[in-house]
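**Student:** So that we are looking at the same thing, I have put the structure below in structure tokens.
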Amino acid sequence: MASKITKQQVEEALKTVIEPELKKDLITLNFIRNIKISGNNVSFTIMLTTPACPMKDVLEDESTAAIRTHIPEAGDIDIHFDSEVRSDSRISEKLQLPIKNIVAVSSGKGGVGKTTVAANIAVCLAQDGARTGILDADIYGPNMPLLMGAAGPPSQKGGKLVPVRAHGVELMSMGFLIPEAEALVWRGPMLHNAISQLFSEVLWSELDYLVVDLPPGTGDAQLSLAQLVPLTGGIVVTGPQKIALSDARRGITAFNRLGVPLLGVVENMSGEVFGRGGGATLAKEFGIDLLGIIDLHPDMPKETDEGKPFVTTHPDHAISKEFFKISRAIAGKISVIDFTDHR
Ligand SMILES: Nc1ncnc2c1ncn2[C@@H]1O[C@H](COP(=O)(O)OP(=O)(O)OP(=O)(O)O)[C@@H](O)[C@H]1O
Ligand SMILES: [Mg+2]
């Protein structure tokens, strides 16, 4: 007679599966929930630290293999996934905002595709099931509403502005608050106040990730933002040309100086026209990760102006897969930072 599989056996098997980033086993991490045994069939839930987990497939494969090895008599193995995004607790402590993590996207140089990258990353996070927002803090050219096809103006509730929604993401833009021409003459304190309003006067929902699109350059806006809200991490977008890297270097240095953990660099507009390799050069120079490389694509400018992020129009394209790789790498790195919190 076949012996009955026990919950303990399942736990012992899963104790051999190590989460590659946190370097502990799934049982110790308390990531395994709801183990059920029916005859020889086993089912359980793996609790991820983000729905955009880059390790999901690896964990599924390794858990299945561990059960097969340790419990050869096991029949069907049914693995479910759930997730609970951890918080950068400094955000709620300092600002009483219901936002778990804030990621700032910077470039140093203008026009490298920072807004395009920020928009696509945010849409990827949302499509993976994370509650995601975009804050367009680009005072000089707040064009995120255009890219996301969300014109505004936002409605109001209880004296606060309600973010608009597009492509599963909620969005608030500096462009909704102030006429563009006005911002051009702003200096330090006015800028600081305006960025402050994007938090104090906006009714943000409970968000797992807020992606902030910063204005080009590494001046007052970065500083104001970092002074106003704790930034969980920063990413820097660069072009592919090695000769044009000095601006991105300044972006990286600014994050370092502000004590913002650098999640990595994204190379955009890569390919035959502008070359390749800028991102790799920066990553090596600063010892940070190259999160991904986005090629130049002829459809992007037109579709972007029509409010259609690339990942929504070309979901199966290699570039979209790369955007997902980047967004999952960001989510994974944030999980590790929040999990091993020594801020
Ligand atoms: N990978 C790409 N392939 C083709 N076109 C791209 C790509 N990435 C961005 N673009 C185009 O380049 C232009 C600039 O992009 P974007 O507005 O995202 O840059 P930015 O860095 O945010 O600029 P700014 O400094 O003005 O804020 C846009 O027309 C956009 O559609
Ligand atoms: Mg921009």
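Labels used: A, B, ... for chains in the order of the structure tokens, numbers from 1 for residues in each chain, and numbers from 1 for ligands as shown.
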Using only C-alpha atoms and all ligand atoms, which protein or nucleic acid residues are at most 6 Å from ligand 1, as a list in words?

**Tutor:**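 So the residues close to ligand 1 are Gly110, Gly111, Val112, Gly113, Lys114, Thr115, Thr116, Pro215, Pro216, Asn268, Met269, Ile294, Asp295, Leu296, His297, Pro298, Met300, Pro301 and Thr304 of chain A.
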
**Student:** If DSSP is run on the backbone, what residues of stretch 130-253 of chain A are helix (DSSP H, G or I)? A reply as a VMD selection string would be ideal.

**Tutor:** chain A and resid 144 to 148 174 to 177 180 to 183 188 to 200 220 to 228 242 to 244 246 to 253

**Student:** Could you name the residues that touch A:Asp138 at 9 Å or less, counting only C-alpha atoms, but leaving out those on the same chain fewer than 6 positions away, as a PyMOL selection string?

**Tutor:** chain A and resi 144+173-175+212-216+221

**Student:** Would you mind telling me which residue in A:Val117, A:Ala130, A:Ser155, A:Gly271 lies nearest to A:Ser320 when using only C-alpha atoms?

**Tutor:**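 Looking only at the distances to A:Ser320, the closest residue turns out to be A:Val117.
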
**Student:** Of the candidates A:Ile293, A:Val229, A:Ile337, A:Ala119, which one gets nearest to A:Leu97 if we count only C-alpha atoms?

**Tutor:**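 Going through A:Ile293, A:Val229, A:Ile337, A:Ala119 one by one, the smallest distance to A:Leu97 is for A:Val229.
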
**Student:** Identify which of the residues A:Asn143, A:Ser327, A:Thr49, A:Asn41 lies closest to ligand 2, counting only C-alpha atoms and all ligand atoms when measuring atom-to-atom distances.

**Tutor:**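 Answer, going by the shortest atom-to-atom distance: A:Asn143.
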
**Student:** Please provide the set of residues having any atom within 12 Å of A:Ser83, restricted to only C-alpha atoms, with same-chain residues fewer than 6 positions apart removed, written as a count of residues only.

**Tutor:** 19

**Student:** Quick one: of A:Val123, A:Ile5, A:Leu207, A:Val260, who's nearest to A:Gly75, counting only C-alpha atoms?

**Tutor:**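 For A:Gly75, the nearest of the given residues is A:Ile5.
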